[in-house]
Amino acid sequence: MTSETSETPETNITPETTRRTLTPSTQPDTTRRTITPSSTATTENISTSKTITTTYSTFPVTDPISTEESSPGTTDSTLTTTLAEEKCPEFLQDDTSVPCSTIGTQCYCFYKGISQLTWTSADQFCRDGSMTLLTIETLEEDQSIFDHVISSSELVPNGLYWTAGKYSQGNDGWEWASNEPFEPFSYDNWGVGEPNGDYTTDEYCAYANFSPPQNFSAGYWYDNLCATPGFKFICEQND
């Protein structure tokens, strides 16, 4: 008896092939590259796959308002001096006998004319030019005025100049008779033996004696009758 073996027919199974299509984007892949220099950001477009941020150290950004008023290296003192120079006339009341100069941060005008005036006339001339006679309140200002005058060939050797100093009989002391209320002297540089006027009856005023040889440290302020002619004078600008 023949044994028959049942054979199972071989079936071919073909795996299903799936076609996957990658469609590129119609828009380019644009990545923002941000370069940040401290406070100012600069961007540029590049075709990369990620965002790169690079930081650079820079100098501080200058306030544009401050830039208009000053430049690098400008100090408050420099600005103040510049403003004083702009307000200081070349000559007081356009009178060439009264040249003006900016010393430090203040404008001063020095009378060098032929006419020698009393204290009252000099005081009025300054006020007519929107100034007052010189008030010296500190050692630094005193030294600056002294150095300026003795170094100027046009202001010496006839160097007797009225200041705003005036003796007040009512207050029994020296004061600067420039802007009311008049202020008493808080600083002085009297010469040897000065002041020495008779203050009981007459008005006395203070003048600066720049005539050589004068020694600043020895004092160069003197007093004389306010009605005495024969003096030049110094005016100063008051803000």
# chains A, B, ... in the order shown; residues from 1 in each chain; ligands from 1
call {"tool": "residues_around", "arguments": {"residues": "Tyr199 (chain A)", "least_positions_apart": "2", "cutoff": "12 Å", "atoms": "only C-alpha atoms", "output": "MDAnalysis selection string"}}
result
chainID A and resid 166:174 195:197 201:205 223:226
call {"tool": "closest_residue", "arguments": {"among": "A:Thr200, A:Thr163, A:Asn238, A:Asn189", "to": "Gln143 (chain A)", "atoms": "only C-alpha atoms"}}
result
A:Asn189
call {"tool": "residues_around", "arguments": {"residues": "region 89-93 of chain A", "least_positions_apart": "4", "cutoff": "9 Å", "atoms": "only C-alpha atoms", "output": "PDB file with N, CA and C atoms, in the first residue's frame"}}
result
ATOM      1  N   GLU A  85      32.347 131.209  28.955  1.00  0.00           N
ATOM      2  CA  GLU A  85      33.030 131.863  27.849  1.00  0.00           C
ATOM      3  C   GLU A  85      32.036 132.379  26.822  1.00  0.00           C
ATOM      4  N   SER A  97      38.249 149.859  26.215  1.00  0.00           N
ATOM      5  CA  SER A  97      39.075 150.120  27.396  1.00  0.00           C
ATOM      6  C   SER A  97      38.710 149.185  28.553  1.00  0.00           C
ATOM      7  N   VAL A  98      37.703 148.303  28.317  1.00  0.00           N
ATOM      8  CA  VAL A  98      37.283 147.362  29.354  1.00  0.00           C
ATOM      9  C   VAL A  98      37.253 145.953  28.767  1.00  0.00           C
ATOM     10  N   PRO A  99      38.425 145.340  28.556  1.00  0.00           N
ATOM     11  CA  PRO A  99      38.456 143.970  28.033  1.00  0.00           C
ATOM     12  C   PRO A  99      37.986 142.962  29.076  1.00  0.00           C
ATOM     13  N   CYS A 100      37.392 141.897  28.600  1.00  0.00           N
ATOM     14  CA  CYS A 100      36.847 140.881  29.504  1.00  0.00           C
ATOM     15  C   CYS A 100      37.555 139.540  29.281  1.00  0.00           C
ATOM     16  N   SER A 101      37.609 138.757  30.329  1.00  0.00           N
ATOM     17  CA  SER A 101      38.239 137.435  30.267  1.00  0.00           C
ATOM     18  C   SER A 101      37.470 136.458  31.140  1.00  0.00           C
ATOM     19  N   CYS A 107      33.212 135.291  34.468  1.00  0.00           N
ATOM     20  CA  CYS A 107      33.591 136.340  33.525  1.00  0.00           C
ATOM     21  C   CYS A 107      33.949 137.611  34.300  1.00  0.00           C
ATOM     22  N   CYS A 109      35.724 141.688  33.846  1.00  0.00           N
ATOM     23  CA  CYS A 109      36.092 142.759  32.930  1.00  0.00           C
ATOM     24  C   CYS A 109      36.964 143.771  33.678  1.00  0.00           C
ATOM     25  N   PHE A 110      38.061 144.193  33.049  1.00  0.00           N
ATOM     26  CA  PHE A 110      39.082 145.019  33.702  1.00  0.00           C
ATOM     27  C   PHE A 110      39.186 146.372  32.993  1.00  0.00           C
ATOM     28  N   TYR A 111      38.878 147.420  33.721  1.00  0.00           N
ATOM     29  CA  TYR A 111      38.970 148.752  33.139  1.00  0.00           C
ATOM     30  C   TYR A 111      40.431 149.191  33.087  1.00  0.00           C
ATOM     31  N   CYS A 126      29.757 149.312  36.071  1.00  0.00           N
ATOM     32  CA  CYS A 126      29.550 147.852  36.067  1.00  0.00           C
ATOM     33  C   CYS A 126      28.071 147.507  35.985  1.00  0.00           C
ATOM     34  N   ASP A 128      25.657 149.272  34.772  1.00  0.00           N
ATOM     35  CA  ASP A 128      25.124 149.612  33.450  1.00  0.00           C
ATOM     36  C   ASP A 128      25.416 148.502  32.440  1.00  0.00           C
ATOM     37  N   GLY A 129      26.449 147.712  32.707  1.00  0.00           N
ATOM     38  CA  GLY A 129      26.787 146.585  31.841  1.00  0.00           C
ATOM     39  C   GLY A 129      26.255 145.260  32.368  1.00  0.00           C
ATOM     40  N   CYS A 235      34.986 144.495  37.069  1.00  0.00           N
ATOM     41  CA  CYS A 235      33.587 144.067  37.133  1.00  0.00           C
ATOM     42  C   CYS A 235      33.519 142.544  36.980  1.00  0.00           C
TER      43      CYS A 235
END
call {"tool": "select_by_dssp", "arguments": {"residues": "region 144-195 of chain A", "states": "strand (DSSP E or B)", "output": "list in words"}}
result
Leu160, Tyr161, Trp162, Thr163, Ala164, Gly165, Lys166, Tyr167, Ser168, Gly173, Trp174, Glu175, Trp176, Glu183, Pro184 and Trp190 of chain A
call {"tool": "write_last_selection", "arguments": {"atoms": "N, CA, C and O atoms", "output": "compact mmCIF listing (two decimals), in the first residue's frame"}}
result
# COMPACT_ATOMS: atom_id res chain seq x y z
N LEU A 160 45.78 149.85 40.50
CA LEU A 160 44.89 150.08 41.66
C LEU A 160 43.45 149.93 41.17
O LEU A 160 42.96 150.74 40.39
N TYR A 161 42.78 148.88 41.66
CA TYR A 161 41.45 148.54 41.14
C TYR A 161 40.42 148.48 42.27
O TYR A 161 40.59 147.73 43.23
N TRP A 162 39.34 149.25 42.08
CA TRP A 162 38.23 149.17 43.04
C TRP A 162 37.62 147.77 43.00
O TRP A 162 37.50 147.14 41.96
N THR A 163 37.19 147.32 44.18
CA THR A 163 36.38 146.11 44.30
C THR A 163 35.02 146.51 44.86
O THR A 163 34.75 147.69 45.09
N ALA A 164 34.18 145.55 45.13
CA ALA A 164 32.86 145.83 45.70
C ALA A 164 32.93 146.00 47.22
O ALA A 164 31.90 146.26 47.86
N GLY A 165 34.12 145.88 47.80
CA GLY A 165 34.24 146.01 49.25
C GLY A 165 33.95 147.41 49.75
O GLY A 165 34.44 148.40 49.20
N LYS A 166 33.13 147.50 50.80
CA LYS A 166 32.76 148.80 51.36
C LYS A 166 32.51 148.63 52.85
O LYS A 166 31.92 147.63 53.29
N TYR A 167 32.96 149.63 53.61
CA TYR A 167 32.75 149.55 55.05
C TYR A 167 31.34 150.03 55.39
O TYR A 167 30.88 151.09 54.94
N SER A 168 30.64 149.21 56.18
CA SER A 168 29.28 149.56 56.60
C SER A 168 29.31 150.08 58.02
O SER A 168 29.64 149.35 58.96
N GLY A 173 31.32 146.91 60.00
CA GLY A 173 32.21 145.90 59.41
C GLY A 173 32.24 146.00 57.89
O GLY A 173 31.45 146.73 57.26
N TRP A 174 33.16 145.27 57.29
CA TRP A 174 33.30 145.28 55.84
C TRP A 174 32.33 144.29 55.20
O TRP A 174 32.08 143.21 55.72
N GLU A 175 31.78 144.71 54.06
CA GLU A 175 30.84 143.86 53.34
C GLU A 175 31.01 144.09 51.83
O GLU A 175 31.61 145.08 51.40
N TRP A 176 30.49 143.14 51.08
CA TRP A 176 30.53 143.25 49.62
C TRP A 176 29.26 143.93 49.16
O TRP A 176 28.17 143.37 49.22
N GLU A 183 26.69 141.05 51.73
CA GLU A 183 27.27 139.99 52.55
C GLU A 183 28.56 140.47 53.22
O GLU A 183 29.39 141.13 52.58
N PRO A 184 28.75 140.15 54.50
CA PRO A 184 30.01 140.51 55.17
C PRO A 184 31.18 139.70 54.61
O PRO A 184 30.98 138.62 54.03
N TRP A 190 44.10 141.53 53.34
CA TRP A 190 44.56 142.89 53.58
C TRP A 190 46.09 142.95 53.62
O TRP A 190 46.76 142.01 54.07
call {"tool": "atom_distance", "arguments": {"atom1": "CA of Ile136 (chain A)", "atom2": "CA of Phe231 (chain A)"}}
result
17.8 Å
call {"tool": "closest_residue", "arguments": {"among": "A:Ile103, A:Phe216, A:Gly191, A:Ala206", "to": "Trp119 (chain A)", "atoms": "only C-alpha atoms"}}
result
A:Ala206
call {"tool": "residues_around", "arguments": {"residues": "Leu117 (chain A)", "least_positions_apart": "3", "cutoff": "9 Å", "atoms": "only C-alpha atoms", "output": "ChimeraX atom specification"}}
result
/A:120-122,162,227-233
call {"tool": "write_last_selection", "arguments": {"atoms": "all heavy atoms", "output": "CSV table (one decimal), in the first residue's frame"}}
result
chain,number,residue,atom,x,y,z
A,120,THR,N,31.9,155.1,43.4
A,120,THR,CA,30.5,155.2,43.0
A,120,THR,C,30.4,155.2,41.5
A,120,THR,O,29.5,154.5,40.9
A,120,THR,CB,29.9,156.5,43.5
A,120,THR,OG1,30.0,156.5,45.0
A,120,THR,CG2,28.4,156.6,43.1
A,121,SER,N,31.3,155.9,40.8
A,121,SER,CA,31.3,155.9,39.3
A,121,SER,C,31.6,154.5,38.7
A,121,SER,O,31.0,154.0,37.8
A,121,SER,CB,32.3,156.9,38.8
A,121,SER,OG,31.9,158.2,39.2
A,122,ALA,N,32.6,153.8,39.3
A,122,ALA,CA,33.0,152.5,38.9
A,122,ALA,C,31.8,151.5,39.1
A,122,ALA,O,31.5,150.7,38.3
A,122,ALA,CB,34.2,152.0,39.6
A,162,TRP,N,39.3,149.2,42.1
A,162,TRP,CA,38.2,149.2,43.0
A,162,TRP,C,37.6,147.8,43.0
A,162,TRP,O,37.5,147.1,42.0
A,162,TRP,CB,37.1,150.2,42.7
A,162,TRP,CG,37.4,151.6,43.0
A,162,TRP,CD1,37.3,152.7,42.1
A,162,TRP,CD2,37.7,152.2,44.3
A,162,TRP,NE1,37.6,153.8,42.7
A,162,TRP,CE2,37.8,153.6,44.1
A,162,TRP,CE3,37.9,151.7,45.6
A,162,TRP,CZ2,38.1,154.5,45.1
A,162,TRP,CZ3,38.2,152.6,46.6
A,162,TRP,CH2,38.3,154.0,46.4
A,227,ALA,N,35.2,158.3,47.7
A,227,ALA,CA,35.0,159.5,46.8
A,227,ALA,C,36.4,159.8,46.2
A,227,ALA,O,36.4,160.8,45.4
A,227,ALA,CB,34.5,160.7,47.6
A,228,THR,N,37.4,159.1,46.5
A,228,THR,CA,38.7,159.4,45.9
A,228,THR,C,38.8,159.0,44.4
A,228,THR,O,38.6,157.8,44.1
A,228,THR,CB,39.8,158.7,46.7
A,228,THR,OG1,39.8,159.1,48.1
A,228,THR,CG2,41.2,159.0,46.1
A,229,PRO,N,39.1,159.9,43.5
A,229,PRO,CA,39.3,159.5,42.1
A,229,PRO,C,40.7,158.9,41.9
A,229,PRO,O,41.5,159.0,42.8
A,229,PRO,CB,39.1,160.8,41.3
A,229,PRO,CG,39.6,161.8,42.3
A,229,PRO,CD,39.2,161.3,43.7
A,230,GLY,N,40.9,158.3,40.8
A,230,GLY,CA,42.3,157.8,40.5
A,230,GLY,C,42.4,156.3,40.5
A,230,GLY,O,43.5,155.8,40.6
A,231,PHE,N,41.3,155.6,40.4
A,231,PHE,CA,41.3,154.1,40.4
A,231,PHE,C,40.7,153.5,39.1
A,231,PHE,O,39.8,154.1,38.5
A,231,PHE,CB,40.5,153.6,41.6
A,231,PHE,CG,41.2,153.9,42.9
A,231,PHE,CD1,41.0,155.1,43.6
A,231,PHE,CD2,42.0,152.9,43.6
A,231,PHE,CE1,41.6,155.4,44.8
A,231,PHE,CE2,42.6,153.2,44.8
A,231,PHE,CZ,42.4,154.4,45.4
A,232,LYS,N,41.2,152.4,38.8
A,232,LYS,CA,40.6,151.5,37.8
A,232,LYS,C,39.6,150.6,38.6
A,232,LYS,O,39.4,150.8,39.8
A,232,LYS,CB,41.7,150.7,37.1
A,232,LYS,CG,42.7,151.6,36.3
A,232,LYS,CD,43.7,150.7,35.6
A,232,LYS,CE,44.8,151.5,35.0
A,232,LYS,NZ,44.4,152.5,34.0
A,233,PHE,N,39.1,149.7,37.9
A,233,PHE,CA,38.1,148.8,38.6
A,233,PHE,C,37.9,147.5,37.8
A,233,PHE,O,38.3,147.3,36.7
A,233,PHE,CB,36.7,149.5,38.7
A,233,PHE,CG,36.1,150.0,37.4
A,233,PHE,CD1,35.3,149.1,36.7
A,233,PHE,CD2,36.4,151.2,37.0
A,233,PHE,CE1,34.7,149.5,35.5
A,233,PHE,CE2,35.8,151.7,35.7
A,233,PHE,CZ,35.0,150.8,35.0
